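Engineer: Input run_16.txt, format and content: compact mmCIF, C-alpha atoms.
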```txt
# COMPACT_ATOMS: atom_id res chain seq x y z
CA MET W 252 7.25 20.43 29.38
CA PHE W 253 9.80 19.28 26.79
CA ASN W 254 13.27 20.79 26.67
CA SER W 255 14.46 22.34 23.40
CA ARG W 256 16.27 19.20 22.24
CA GLU W 257 13.28 16.95 22.90
CA GLN W 258 10.94 19.44 21.24
CA SER W 259 13.19 19.52 18.16
CA ARG W 260 13.22 15.71 18.00
CA ILE W 261 9.42 15.51 18.18
CA THR W 262 9.04 18.21 15.52
CA SER W 263 11.46 16.41 13.19
CA SER W 264 9.60 13.15 13.72
CA TRP W 265 6.28 14.74 12.81
CA LYS W 266 7.81 16.33 9.70
CA ARG W 267 8.95 12.89 8.54
CA ILE W 268 5.57 11.30 9.21
CA VAL W 269 3.71 14.11 7.41
CA ALA W 270 6.12 13.86 4.47
CA VAL W 271 5.43 10.17 3.91
CA GLY W 272 1.70 10.94 4.12
CA VAL W 273 2.04 13.44 1.27
CA GLU W 274 3.95 10.88 -0.78
CA GLY W 275 1.23 8.32 -0.01
CA PHE W 276 -1.27 10.73 -1.58
CA ALA W 277 1.04 11.06 -4.59
CA SER W 278 1.11 7.25 -4.96
CA GLY W 279 -2.66 6.88 -4.94
CA LEU W 280 -3.51 9.78 -7.25
CA PRO W 281 -2.19 8.47 -10.62
CA LEU W 282 -3.45 4.94 -9.96
CA MET W 283 -6.99 6.21 -9.39
CA SER W 284 -6.71 8.60 -12.34
CA VAL W 285 -5.76 5.99 -14.96
CA SER W 286 -8.30 3.50 -13.63
CA THR W 287 -11.43 4.96 -12.05
CA LEU W 288 -11.39 8.47 -13.55
CA LEU W 289 -10.43 7.32 -17.03
CA GLN W 290 -13.03 4.55 -16.92
CA GLY W 291 -15.70 7.12 -16.08
CA TRP W 292 -14.63 9.39 -18.94
CA LEU W 293 -14.62 6.60 -21.52
CA THR W 294 -17.95 5.21 -20.33
CA ALA W 295 -19.56 8.65 -20.51
CA ASN W 296 -18.40 8.87 -24.14
CA GLY W 297 -20.08 5.59 -25.03
CA ILE W 298 -16.88 3.61 -25.55
CA PRO W 299 -17.68 -0.15 -25.61
CA ILE W 300 -17.26 -1.94 -22.30
CA ALA W 301 -15.00 -4.53 -23.95
CA THR W 302 -12.61 -1.75 -24.95
CA ILE W 303 -12.69 -0.14 -21.51
CA GLY W 304 -11.86 -3.53 -20.02
CA LEU W 305 -8.48 -3.37 -21.74
CA LEU W 306 -7.53 -0.68 -19.21
CA GLY W 307 -6.89 -3.60 -16.89
CA LEU W 308 -3.52 -3.86 -18.68
CA THR W 309 -2.49 -0.68 -16.85
CA GLU W 310 -2.33 -2.82 -13.68
CA LEU W 311 0.62 -4.78 -15.12
CA PRO W 312 3.36 -2.25 -14.24
CA TYR W 313 2.32 -2.38 -10.56
CA THR W 314 2.86 -6.15 -10.62
CA LEU W 315 6.08 -6.08 -12.66
CA LYS W 316 7.76 -3.11 -10.94
CA LEU W 317 9.97 -5.43 -8.87
CA PHE W 318 11.94 -6.22 -12.05
CA TRP W 319 13.18 -2.65 -12.54
CA ALA W 320 13.27 -1.62 -8.89
CA PRO W 321 17.01 -2.54 -8.59
CA LEU W 322 17.80 0.05 -11.25
CA MET W 323 16.49 2.77 -8.93
CA ASP W 324 18.84 1.60 -6.19
CA HIS W 325 21.80 1.73 -8.57
CA TRP W 326 21.10 4.84 -10.66
CA ALA W 327 20.22 7.37 -7.99
CA ILE W 328 19.55 11.02 -8.83
CA PRO W 329 21.83 12.72 -6.28
CA TRP W 330 19.87 15.96 -5.77
CA PRO W 331 18.22 16.59 -3.38
CA ASP W 332 18.97 13.04 -2.23
CA ARG W 333 19.06 9.53 -3.68
CA ARG W 334 15.28 9.00 -3.39
CA ARG W 335 13.63 12.43 -3.70
CA GLY W 336 15.38 13.22 -6.96
CA TRP W 337 13.61 10.29 -8.62
CA ILE W 338 10.31 11.02 -6.85
CA ALA W 339 10.15 14.68 -7.89
CA LEU W 340 11.09 13.88 -11.51
CA LEU W 341 8.45 11.17 -11.77
CA GLN W 342 5.82 13.41 -10.20
CA LEU W 343 6.49 16.12 -12.78
CA MET W 344 6.18 13.60 -15.61
CA ILE W 345 2.98 12.09 -14.18
CA GLY W 346 1.45 15.53 -13.66
CA ILE W 347 2.21 16.58 -17.23
CA GLY W 348 0.83 13.24 -18.48
CA LEU W 349 -2.47 13.66 -16.64
CA VAL W 350 -2.89 17.26 -17.79
CA SER W 351 -2.21 16.14 -21.37
CA PHE W 352 -5.49 14.20 -21.40
CA ALA W 353 -7.19 17.60 -21.73
CA ARG W 354 -5.93 17.82 -25.30
CA PHE W 355 -8.59 15.31 -26.30
CA GLY W 356 -11.99 16.75 -27.08
CA ALA W 357 -15.16 16.53 -25.02
CA THR W 358 -16.07 13.54 -27.18
CA ILE W 359 -13.53 10.85 -27.94
CA SER W 360 -13.14 9.51 -31.46
CA THR W 361 -12.26 5.92 -32.22
CA ASN W 362 -8.85 6.98 -33.53
CA GLU W 363 -8.06 8.64 -30.19
CA ILE W 364 -8.68 5.49 -28.14
CA ILE W 365 -5.26 4.02 -28.96
CA ALA W 366 -3.49 7.25 -28.03
CA ILE W 367 -5.38 7.41 -24.72
CA GLY W 368 -4.56 3.79 -23.99
CA VAL W 369 -0.84 4.30 -24.69
CA ALA W 370 -0.79 7.45 -22.54
CA ALA W 371 -2.53 5.62 -19.69
CA PHE W 372 -0.03 2.76 -19.86
CA VAL W 373 2.94 5.15 -19.83
CA ILE W 374 1.50 6.98 -16.80
CA ALA W 375 1.01 3.61 -15.09
CA ILE W 376 4.69 2.76 -15.64
CA LEU W 377 5.71 6.13 -14.22
CA SER W 378 3.32 5.67 -11.30
CA ALA W 379 4.59 2.18 -10.47
CA SER W 380 8.16 3.51 -10.60
CA GLN W 381 7.17 6.32 -8.25
CA ASP W 382 5.72 3.73 -5.86
CA VAL W 383 9.07 1.92 -5.82
CA VAL W 384 11.00 5.03 -4.80
CA VAL W 385 8.32 6.34 -2.41
CA ASP W 386 8.35 3.01 -0.56
CA ALA W 387 12.14 3.14 -0.41
CA TYR W 388 12.12 6.77 0.81
CA ARG W 389 9.65 5.92 3.60
CA THR W 390 11.71 2.87 4.57
CA ASP W 391 15.02 4.78 4.64
CA LEU W 392 13.62 7.90 6.33
CA LEU W 393 11.72 6.57 9.33
CA ALA W 394 13.33 5.35 12.53
CA PRO W 395 11.91 2.04 13.87
CA PRO W 396 9.61 3.72 16.46
CA GLU W 397 8.17 5.96 13.71
CA ARG W 398 7.31 3.20 11.25
CA GLY W 399 3.84 2.50 12.58
CA GLY W 400 2.89 6.16 12.45
CA GLY W 401 4.57 6.49 9.07
CA ALA W 402 2.72 3.49 7.68
CA ALA W 403 -0.54 4.95 8.99
CA SER W 404 0.26 8.35 7.48
CA ALA W 405 1.13 6.83 4.08
CA THR W 406 -2.09 4.82 4.08
CA LEU W 407 -4.14 7.88 5.06
CA GLY W 408 -2.56 9.80 2.20
CA TYR W 409 -3.32 6.98 -0.23
CA ARG W 410 -6.94 6.81 0.95
CA GLY W 411 -7.15 10.58 0.67
CA ALA W 412 -6.15 10.32 -2.99
CA MET W 413 -8.92 7.76 -3.51
CA LEU W 414 -11.45 10.23 -2.12
CA PHE W 415 -9.91 13.14 -4.04
CA ILE W 416 -10.26 11.33 -7.36
CA GLY W 417 -13.31 9.14 -6.64
CA ALA W 418 -15.36 11.96 -5.18
CA GLY W 419 -13.81 15.36 -5.91
CA CYS W 420 -12.71 14.88 -9.52
CA PHE W 421 -15.96 13.14 -10.46
CA VAL W 422 -17.91 16.12 -9.10
CA ILE W 423 -15.65 18.43 -11.11
CA ALA W 424 -16.25 16.29 -14.21
CA GLY W 425 -20.00 16.61 -13.73
CA GLN W 426 -19.85 20.37 -13.28
CA PHE W 427 -17.06 21.45 -15.63
CA GLY W 428 -16.23 18.49 -17.89
CA TRP W 429 -13.84 15.55 -17.87
CA GLN W 430 -10.92 17.57 -19.24
CA THR W 431 -11.10 19.86 -16.22
CA SER W 432 -11.09 16.89 -13.88
CA PHE W 433 -7.85 15.56 -15.45
CA ILE W 434 -6.30 19.04 -15.31
CA THR W 435 -7.18 19.12 -11.60
CA ALA W 436 -5.62 15.70 -10.98
CA GLY W 437 -2.46 16.57 -12.92
CA SER W 438 -2.15 19.97 -11.25
CA ALA W 439 -2.36 18.33 -7.82
CA MET W 440 0.58 16.11 -8.76
CA LEU W 441 2.56 19.08 -10.05
CA VAL W 442 1.95 20.90 -6.76
CA ILE W 443 3.30 17.91 -4.80
CA ALA W 444 6.63 17.91 -6.69
CA PRO W 445 8.05 21.04 -4.97
CA ILE W 446 6.71 19.74 -1.64
CA THR W 447 8.80 16.62 -2.27
CA LEU W 448 11.88 18.77 -2.81
CA ALA W 449 11.25 20.43 0.57
CA ALA W 450 10.67 17.14 2.43
CA PRO W 451 13.15 15.83 5.04
CA ILE W 452 16.47 14.84 3.55
CA LEU W 453 17.89 11.33 3.71
CA PRO W 454 21.38 10.90 5.17
CA ALA W 455 23.96 9.92 2.59
CA ILE W 456 24.47 6.19 2.32
CA GLN W 457 28.00 5.03 3.11
CA ASN W 458 28.20 2.11 0.68
CA PRO W 459 26.12 2.77 -2.45
CA VAL W 460 25.58 -0.11 -4.84
CA PRO W 461 28.63 0.12 -7.14
CA THR W 462 27.53 -2.03 -10.09
CA LEU W 463 24.35 -2.93 -11.89
CA ARG W 464 25.04 -6.61 -11.23
CA GLY W 465 25.26 -5.84 -7.53
CA ALA W 466 21.98 -3.92 -7.66
CA VAL W 467 20.23 -6.90 -9.28
CA LEU W 468 21.75 -9.76 -7.28
CA GLY W 469 22.68 -7.91 -4.10
CA PRO W 470 19.19 -7.53 -2.55
CA SER W 471 18.46 -11.27 -2.38
CA ARG W 472 22.03 -12.15 -1.35
CA GLU W 473 22.03 -9.58 1.45
CA PHE W 474 18.61 -10.73 2.66
CA ILE W 475 19.65 -14.40 2.77
CA THR W 476 22.98 -13.58 4.42
CA ARG W 477 21.26 -11.49 7.08
CA THR W 478 18.39 -13.83 7.84
CA GLY W 479 19.80 -17.25 6.98
CA ARG W 480 18.04 -19.51 4.50
CA LYS W 481 15.58 -21.17 6.86
CA ARG W 482 14.60 -17.98 8.65
CA GLY W 483 14.42 -16.13 5.33
CA VAL W 484 11.87 -18.65 4.05
CA LEU W 485 9.86 -18.28 7.26
CA ILE W 486 9.89 -14.48 6.89
CA LEU W 487 8.58 -14.73 3.33
CA LEU W 488 5.85 -17.08 4.56
CA LEU W 489 4.90 -14.53 7.21
CA VAL W 490 4.66 -11.81 4.54
CA MET W 491 2.42 -14.11 2.51
CA LEU W 492 0.16 -15.22 5.35
CA TYR W 493 -0.16 -12.30 7.76
CA ARG W 494 -3.10 -10.70 5.93
CA TRP W 495 -4.57 -13.94 4.58
CA PRO W 496 -7.79 -13.67 6.67
CA ASP W 497 -8.30 -10.16 5.30
CA GLY W 498 -7.76 -11.32 1.71
CA LEU W 499 -10.19 -14.23 1.99
CA LEU W 500 -12.93 -12.04 3.40
CA GLY W 501 -12.30 -9.17 0.98
CA LEU W 502 -12.72 -11.40 -2.07
CA MET W 503 -16.03 -12.84 -0.92
CA ALA W 504 -17.61 -9.87 0.89
CA VAL W 505 -19.51 -8.43 -2.08
CA PRO W 506 -20.90 -11.79 -3.33
CA PHE W 507 -22.07 -12.54 0.22
CA LEU W 508 -23.77 -9.16 0.61
CA ILE W 509 -25.53 -9.43 -2.77
CA GLN W 510 -26.77 -12.93 -1.95
CA SER W 511 -27.95 -11.58 1.41
CA GLY W 512 -30.30 -9.20 -0.41
CA PHE W 513 -28.44 -5.90 -0.20
CA SER W 514 -28.69 -3.70 -3.29
CA PRO W 515 -25.56 -2.74 -5.24
CA GLU W 516 -26.23 0.90 -4.35
CA THR W 517 -26.31 0.11 -0.64
CA ILE W 518 -23.17 -2.01 -0.84
CA GLY W 519 -21.30 0.68 -2.77
CA THR W 520 -22.34 3.43 -0.38
CA VAL W 521 -21.50 1.52 2.78
CA GLN W 522 -18.27 -0.13 1.58
CA GLY W 523 -17.03 2.72 -0.59
CA GLY W 524 -17.90 5.54 1.79
CA TRP W 525 -18.43 4.33 5.32
CA GLY W 526 -15.92 1.50 4.92
CA ILE W 527 -13.13 3.78 3.72
CA GLY W 528 -13.79 6.10 6.67
CA ALA W 529 -13.58 3.17 9.10
CA ALA W 530 -10.33 1.98 7.48
CA ILE W 531 -8.82 5.46 7.78
CA ALA W 532 -9.79 5.60 11.46
CA GLY W 533 -8.34 2.14 12.09
CA THR W 534 -5.09 3.02 10.37
CA ALA W 535 -4.77 6.19 12.46
CA VAL W 536 -5.45 4.33 15.72
CA GLY W 537 -3.01 1.58 14.74
CA GLY W 538 -0.28 4.12 14.10
CA LEU W 539 -1.07 5.97 17.33
CA PHE W 540 -0.49 2.93 19.55
CA PHE W 541 2.36 1.48 17.50
CA SER W 542 5.17 3.38 19.23
CA LYS W 543 3.96 2.19 22.65
CA LEU W 544 3.65 -1.43 21.58
CA GLY W 545 6.69 -1.80 19.36
CA LEU W 546 6.64 -3.72 16.08
CA ASN W 547 6.51 -7.27 17.45
CA ARG W 548 3.67 -6.63 19.87
CA ALA W 549 1.80 -4.59 17.26
CA LEU W 550 2.01 -7.54 14.86
CA TRP W 551 0.54 -9.80 17.56
CA VAL W 552 -2.18 -7.45 18.80
CA TYR W 553 -3.31 -6.16 15.43
CA GLY W 554 -3.11 -9.63 13.86
CA VAL W 555 -5.38 -11.13 16.52
CA ILE W 556 -7.79 -8.17 16.37
CA GLY W 557 -7.91 -8.39 12.57
CA ALA W 558 -8.70 -12.10 12.66
CA PHE W 559 -11.47 -11.73 15.25
CA SER W 560 -12.98 -8.83 13.29
CA ASN W 561 -14.15 -11.36 10.69
CA LEU W 562 -16.65 -12.51 13.31
CA ALA W 563 -18.67 -9.43 12.41
CA TYR W 564 -19.40 -10.95 9.00
CA TRP W 565 -19.98 -14.34 10.63
CA ALA W 566 -22.62 -12.74 12.86
CA LEU W 567 -24.22 -10.98 9.88
CA ALA W 568 -24.40 -14.30 7.99
CA ARG W 569 -25.68 -16.23 11.03
CA PHE W 570 -28.13 -13.79 12.58
CA GLY W 571 -28.80 -11.13 9.94
CA GLY W 572 -29.35 -7.58 11.13
CA GLY W 573 -30.34 -5.71 8.01
CA PHE W 574 -28.81 -2.36 7.19
CA LYS W 575 -27.63 -1.74 10.77
CA GLY W 576 -25.92 -5.11 10.82
CA LEU W 577 -24.22 -4.27 7.52
CA LEU W 578 -22.93 -0.98 8.93
CA VAL W 579 -21.53 -2.73 12.00
CA ALA W 580 -19.88 -5.52 10.01
CA VAL W 581 -18.27 -3.19 7.47
CA SER W 582 -17.15 -0.75 10.18
CA VAL W 583 -15.58 -3.39 12.43
CA GLU W 584 -13.82 -5.26 9.62
CA ASN W 585 -12.45 -2.16 7.90
CA PHE W 586 -11.35 -0.53 11.16
CA CYS W 587 -9.42 -3.61 12.26
CA SER W 588 -8.03 -4.16 8.76
CA GLY W 589 -6.66 -0.62 8.87
CA MET W 590 -4.85 -1.44 12.12
CA MET W 591 -3.31 -4.54 10.53
CA VAL W 592 -2.07 -2.48 7.57
CA SER W 593 -0.05 -0.16 9.82
CA ALA W 594 1.76 -3.13 11.42
CA PHE W 595 2.22 -4.97 8.12
CA LEU W 596 3.82 -2.03 6.30
CA ALA W 597 6.08 -1.46 9.30
CA LEU W 598 7.11 -5.13 9.05
CA LEU W 599 8.06 -4.71 5.39
CA MET W 600 10.08 -1.59 6.18
CA SER W 601 11.94 -3.36 8.98
CA LEU W 602 13.13 -6.08 6.59
CA CYS W 603 14.89 -3.73 4.14
CA ASN W 604 18.53 -2.68 4.00
CA PRO W 605 18.88 1.01 2.95
CA ARG W 606 21.34 -0.03 0.22
CA PHE W 607 18.66 -2.13 -1.47
CA SER W 608 15.40 -0.79 -0.01
CA ALA W 609 13.80 -0.08 -3.40
CA ALA W 610 14.38 -3.63 -4.65
CA GLN W 611 13.76 -5.42 -1.36
CA TYR W 612 10.53 -3.58 -0.56
CA ALA W 613 9.25 -4.10 -4.12
CA LEU W 614 10.05 -7.82 -3.85
CA LEU W 615 8.36 -8.23 -0.46
CA SER W 616 5.26 -6.29 -1.49
CA GLY W 617 5.17 -8.28 -4.75
CA ILE W 618 5.22 -11.54 -2.80
CA TYR W 619 2.33 -10.28 -0.69
CA ALA W 620 0.33 -9.17 -3.74
CA LEU W 621 0.88 -12.50 -5.48
CA SER W 622 -0.03 -14.50 -2.40
CA ARG W 623 -3.12 -12.38 -1.83
CA SER W 624 -4.40 -13.40 -5.25
CA LEU W 625 -3.39 -17.06 -5.12
CA LEU W 626 -4.26 -17.83 -1.50
CA SER W 627 -7.64 -16.13 -1.68
CA THR W 628 -8.70 -17.89 -4.89
CA PRO W 629 -10.21 -20.98 -3.19
CA GLY W 630 -12.51 -18.74 -1.14
CA GLY W 631 -15.45 -19.06 -3.52
CA VAL W 632 -15.22 -22.86 -3.66
CA ILE W 633 -15.01 -23.12 0.14
CA ALA W 634 -17.94 -20.74 0.68
CA SER W 635 -20.14 -22.64 -1.77
CA GLN W 636 -19.36 -25.93 -0.02
CA VAL W 637 -19.69 -24.95 3.66
CA GLY W 638 -22.01 -21.92 3.60
CA TRP W 639 -21.34 -18.29 4.48
CA SER W 640 -21.30 -18.43 8.29
CA THR W 641 -18.86 -21.38 8.36
CA PHE W 642 -16.73 -19.74 5.69
CA PHE W 643 -16.31 -16.56 7.72
CA ALA W 644 -15.41 -18.63 10.78
CA LEU W 645 -12.75 -20.37 8.70
CA THR W 646 -11.32 -17.02 7.58
CA MET W 647 -10.65 -16.30 11.24
CA ALA W 648 -8.87 -19.66 11.56
CA ALA W 649 -6.65 -18.63 8.61
CA ALA W 650 -4.76 -16.39 11.06
CA VAL W 651 -3.32 -19.42 12.91
CA PRO W 652 -0.35 -20.03 10.54
CA SER W 653 0.85 -16.42 10.79
CA LEU W 654 0.50 -16.43 14.59
CA LEU W 655 2.62 -19.59 14.75
CA LEU W 656 5.24 -17.88 12.59
CA LEU W 657 5.18 -14.86 14.92
CA CYS W 658 6.07 -17.19 17.80
CA VAL W 659 9.33 -17.98 16.00
CA LEU W 660 10.07 -14.70 14.23
CA ALA W 661 8.60 -11.97 16.45
CA PRO W 662 8.52 -13.02 20.12
CA TRP W 663 6.36 -10.84 22.34
CA LYS W 664 9.26 -9.70 24.55
CA GLU W 665 11.48 -8.58 21.66
CA ARG W 666 11.10 -5.25 19.84
CA LEU W 667 12.04 -6.23 16.27
CA PRO W 668 11.44 -9.39 14.23
CA ARG W 669 14.37 -11.76 14.01
CA GLY W 670 16.08 -11.15 10.70
CA ALA W 671 15.04 -7.48 10.51
CA PHE W 672 17.70 -5.00 9.42
CA ASP W 673 19.50 -3.43 12.38
CA LEU W 674 21.80 -0.50 11.59
CA SER W 675 23.90 -1.18 14.69
CA ARG W 676 24.54 -4.77 13.59
CA ASP W 677 24.11 -5.11 9.82
CA ALA W 678 26.19 -3.44 7.12
CA ALA W 679 24.39 -0.67 5.24
```
Go through the file and emit its structure as structure tokens.
Structural biologist:
Amino acid sequence: MFNSREQSRITSSWKRIVAVGVEGFASGLPLMSVSTLLQGWLTANGIPIATIGLLGLTELPYTLKLFWAPLMDHWAIPWPDRRRGWIALLQLMIGIGLVSFARFGATISTNEIIAIGVAAFVIAILSASQDVVVDAYRTDLLAPPERGGGAASATLGYRGAMLFIGAGCFVIAGQFGWQTSFITAGSAMLVIAPITLAAPILPAIQNPVPTLRGAVLGPSREFITRTGRKRGVLILLLVMLYRWPDGLLGLMAVPFLIQSGFSPETIGTVQGGWGIGAAIAGTAVGGLFFSKLGLNRALWVYGVIGAFSNLAYWALARFGGGFKGLLVAVSVENFCSGMMVSAFLALLMSLCNPRFSAAQYALLSGIYALSRSLLSTPGGVIASQVGWSTFFALTMAAAVPSLLLLCVLAPWKERLPRGAFDLSRDAA
């Protein structure tokens, strides 16, 4: 049995992990609402596909958020703490914005398209800003042993929002109309705002960023000072390459399955339903074992497992297997990818100084997002030249560079990567 002090520590840890899961849900909800849900509404109203395609511009704020992230380190809203003040305010604004879509009629006129597009873009900016502060809150809140579980909880919340919008709100739209579905999405966000205010408080930071210039230039200077130039470059390479095998496979999975004779309906059902379930399970398992392994060993174990999971697609390409083979391949790959996510997000959190966590996390995640697009681009050319089975074998080999970097940056016998922020050593 635990004594009262140990029981209190465990309870506090679980409260923190649950809190970041709720904020993960809040991050996923507006993104899905201004993309998937809005696309469905416009399509149902007969809006031209070319016009609906312009909604892709709402993805821009999620790419550009790193440019205004330093402002959220500098201009903190002090109540209830430097992160939750921003989060709660943004959640209220997003919720009101989503509910406001109900003001448009059951049918959308041409004149209303511009207003809807502007509203969607504004909500995307608010949502991307919320992501910046939610990532910083998770990074500042969780102790190193909790980061794997916290990363898993945040990912589960995000996936839950995907199911809430992609399944629940679409059912509501079919039964009660699209306006009701947007009211439901907005109301869910408004309900989360007071939960945010009741979430665990962050300790006050001793040395807040005093000037705007310091907020803009300080994150990179502090990172380079802490890591050193050479090691800093290696860390950025690790961020770029750790999930490269996953990115290569993810880009080419659907073309491979279609060429293998699977119908779009089957692919959508298995990847969109079964695959999400497998990813959720993998993320939960990854977080469960994280505290026992520690960050460095989790990066090694989950990285190797994630790379070898691509063999499931290699086997499907080489030997076939029909629908059962598809289920196995999608389940194995998504489960192992979920495990990798828990270690990867914990890695990003470990690299951030609480003074600059909004800017540093946004920069690191932006580097990963950019590399995911650029490094995965040659996948189609390679697959067309060497064939599917060889291509999937090569995606497994793409893990070698990151494993070599782990040898230097995250030795098996050490708990934290070299260059990670350490409160006992580095100035916060």
Engineer: Find the residue from W:Trp265, W:Tyr619, W:Val651, W:Pro662 that sits nearest to W:Gly401; use all atoms listed in the file when measuring.
Structural biologist: W:Trp265
Engineer: Could you state the separation of atom CA of W:Leu578 and atom CA of W:Val552 in Å, given to one decimal place?
Structural biologist: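 Straight-line distance from atom CA of W:Leu578 to atom CA of W:Val552 works out to 23.9 Å.
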Engineer: Which of these, W:Ser608, W:Thr302, W:Thr628, W:Ser286, has the shortest distance to W:Pro470 once you count all atoms listed in the file?
Structural biologist: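 Among W:Ser608, W:Thr302, W:Thr628, W:Ser286, it is W:Ser608 that comes nearest to W:Pro470.
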Engineer: Would you compute the distance between atom CA of W:Ala649 and atom CA of W:Leu500? Give it in Å to one decimal.
Structural biologist: 10.5 Å
Engineer: Got a sec: who's within 7 Å of W:Ile376, counting only C-alpha atoms, leaving out chain neighbours fewer than 4 positions off, as a list of chain:residue names?
Structural biologist: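 These residues fall inside the cut-off: W:Pro312, W:Phe372, W:Ser380.
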Engineer: Could you write those residues out with C-alpha atoms, as a compact mmCIF listing (two decimals), keeping the file's coordinate frame?
Structural biologist:
```txt
# COMPACT_ATOMS: atom_id res chain seq x y z
CA PRO W 312 3.36 -2.25 -14.24
CA PHE W 372 -0.03 2.76 -19.86
CA SER W 380 8.16 3.51 -10.60
```
Engineer: Between W:Ala444, W:Ile328, W:Val579, W:Ile531, which residue has the minimum interatomic distance to W:Ala566, considering all atoms listed in the file?
Structural biologist: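 Nearest candidate to W:Ala566 out of W:Ala444, W:Ile328, W:Val579, W:Ile531: W:Val579.
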Engineer: Tell me which residues come within 9 Å of (-1.0, 19.5, -18.0), as a list of chain:residue names, counting only C-alpha atoms in the file's coordinates.
Structural biologist: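 Protein and nucleic acid residues near the point are W:Gly346, W:Ile347, W:Gly348, W:Leu349, W:Val350, W:Ser351, W:Phe352, W:Ala353, W:Arg354, W:Phe433, W:Ile434, W:Thr435, W:Gly437, W:Ser438, W:Leu441.
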Engineer: Using all atoms listed in the file, list the residues that have an atom at most 12 Å from (-21.1, -0.2, -2.7), coordinates as in the file, as a PyMOL selection string.
Structural biologist: chain W and resi 504-506+508-509+513-527+577-578+581
Engineer: Could you pull the residues within 10 Å of stretch 536-540 of chain W, counting all atoms listed in the file, minus those fewer than 6 positions along the same chain, as a VMD selection string?
Structural biologist: chain W and resid 397 to 404 530 549 552 to 553 586 to 594 597
Engineer: Please produce a file of those selected residues containing C-alpha atoms, as a PDB file, in the coordinates of the input.
Structural biologist:
```pdb
ATOM      1  CA  GLU W 397       8.170   5.960  13.710  1.00  0.00           C
ATOM      2  CA  ARG W 398       7.310   3.200  11.250  1.00  0.00           C
ATOM      3  CA  GLY W 399       3.840   2.500  12.580  1.00  0.00           C
ATOM      4  CA  GLY W 400       2.890   6.160  12.450  1.00  0.00           C
ATOM      5  CA  GLY W 401       4.570   6.490   9.070  1.00  0.00           C
ATOM      6  CA  ALA W 402       2.720   3.490   7.680  1.00  0.00           C
ATOM      7  CA  ALA W 403      -0.540   4.950   8.990  1.00  0.00           C
ATOM      8  CA  SER W 404       0.260   8.350   7.480  1.00  0.00           C
ATOM      9  CA  ALA W 530     -10.330   1.980   7.480  1.00  0.00           C
ATOM     10  CA  ALA W 549       1.800  -4.590  17.260  1.00  0.00           C
ATOM     11  CA  VAL W 552      -2.180  -7.450  18.800  1.00  0.00           C
ATOM     12  CA  TYR W 553      -3.310  -6.160  15.430  1.00  0.00           C
ATOM     13  CA  PHE W 586     -11.350  -0.530  11.160  1.00  0.00           C
ATOM     14  CA  CYS W 587      -9.420  -3.610  12.260  1.00  0.00           C
ATOM     15  CA  SER W 588      -8.030  -4.160   8.760  1.00  0.00           C
ATOM     16  CA  GLY W 589      -6.660  -0.620   8.870  1.00  0.00           C
ATOM     17  CA  MET W 590      -4.850  -1.440  12.120  1.00  0.00           C
ATOM     18  CA  MET W 591      -3.310  -4.540  10.530  1.00  0.00           C
ATOM     19  CA  VAL W 592      -2.070  -2.480   7.570  1.00  0.00           C
ATOM     20  CA  SER W 593      -0.050  -0.160   9.820  1.00  0.00           C
ATOM     21  CA  ALA W 594       1.760  -3.130  11.420  1.00  0.00           C
ATOM     22  CA  ALA W 597       6.080  -1.460   9.300  1.00  0.00           C
TER      23      ALA W 597
END
```
Engineer: Of the candidates W:Gly554, W:Gly297, W:Pro395, W:Gly275, which shows the shortest atom-to-atom distance to W:Ser653, using only C-alpha atoms?
Structural biologist: W:Gly554
Engineer: Which one of W:Lys575, W:Arg548, W:Arg623, W:Arg606 sits closest to W:Trp495 if you count only C-alpha atoms?
Structural biologist: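 Result for the nearest residue to W:Trp495: W:Arg623.
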Engineer: Stretch 314-331 of chain W, all listed atoms, 3 Å padding on each side: what axis-aligned box centre and edge lengths in Å to one decimal come out, as JSON?
Structural biologist:
```
{"center_x": 12.3, "center_y": 5.2, "center_z": -8.0, "size_x": 25.0, "size_y": 28.8, "size_z": 15.3}
```
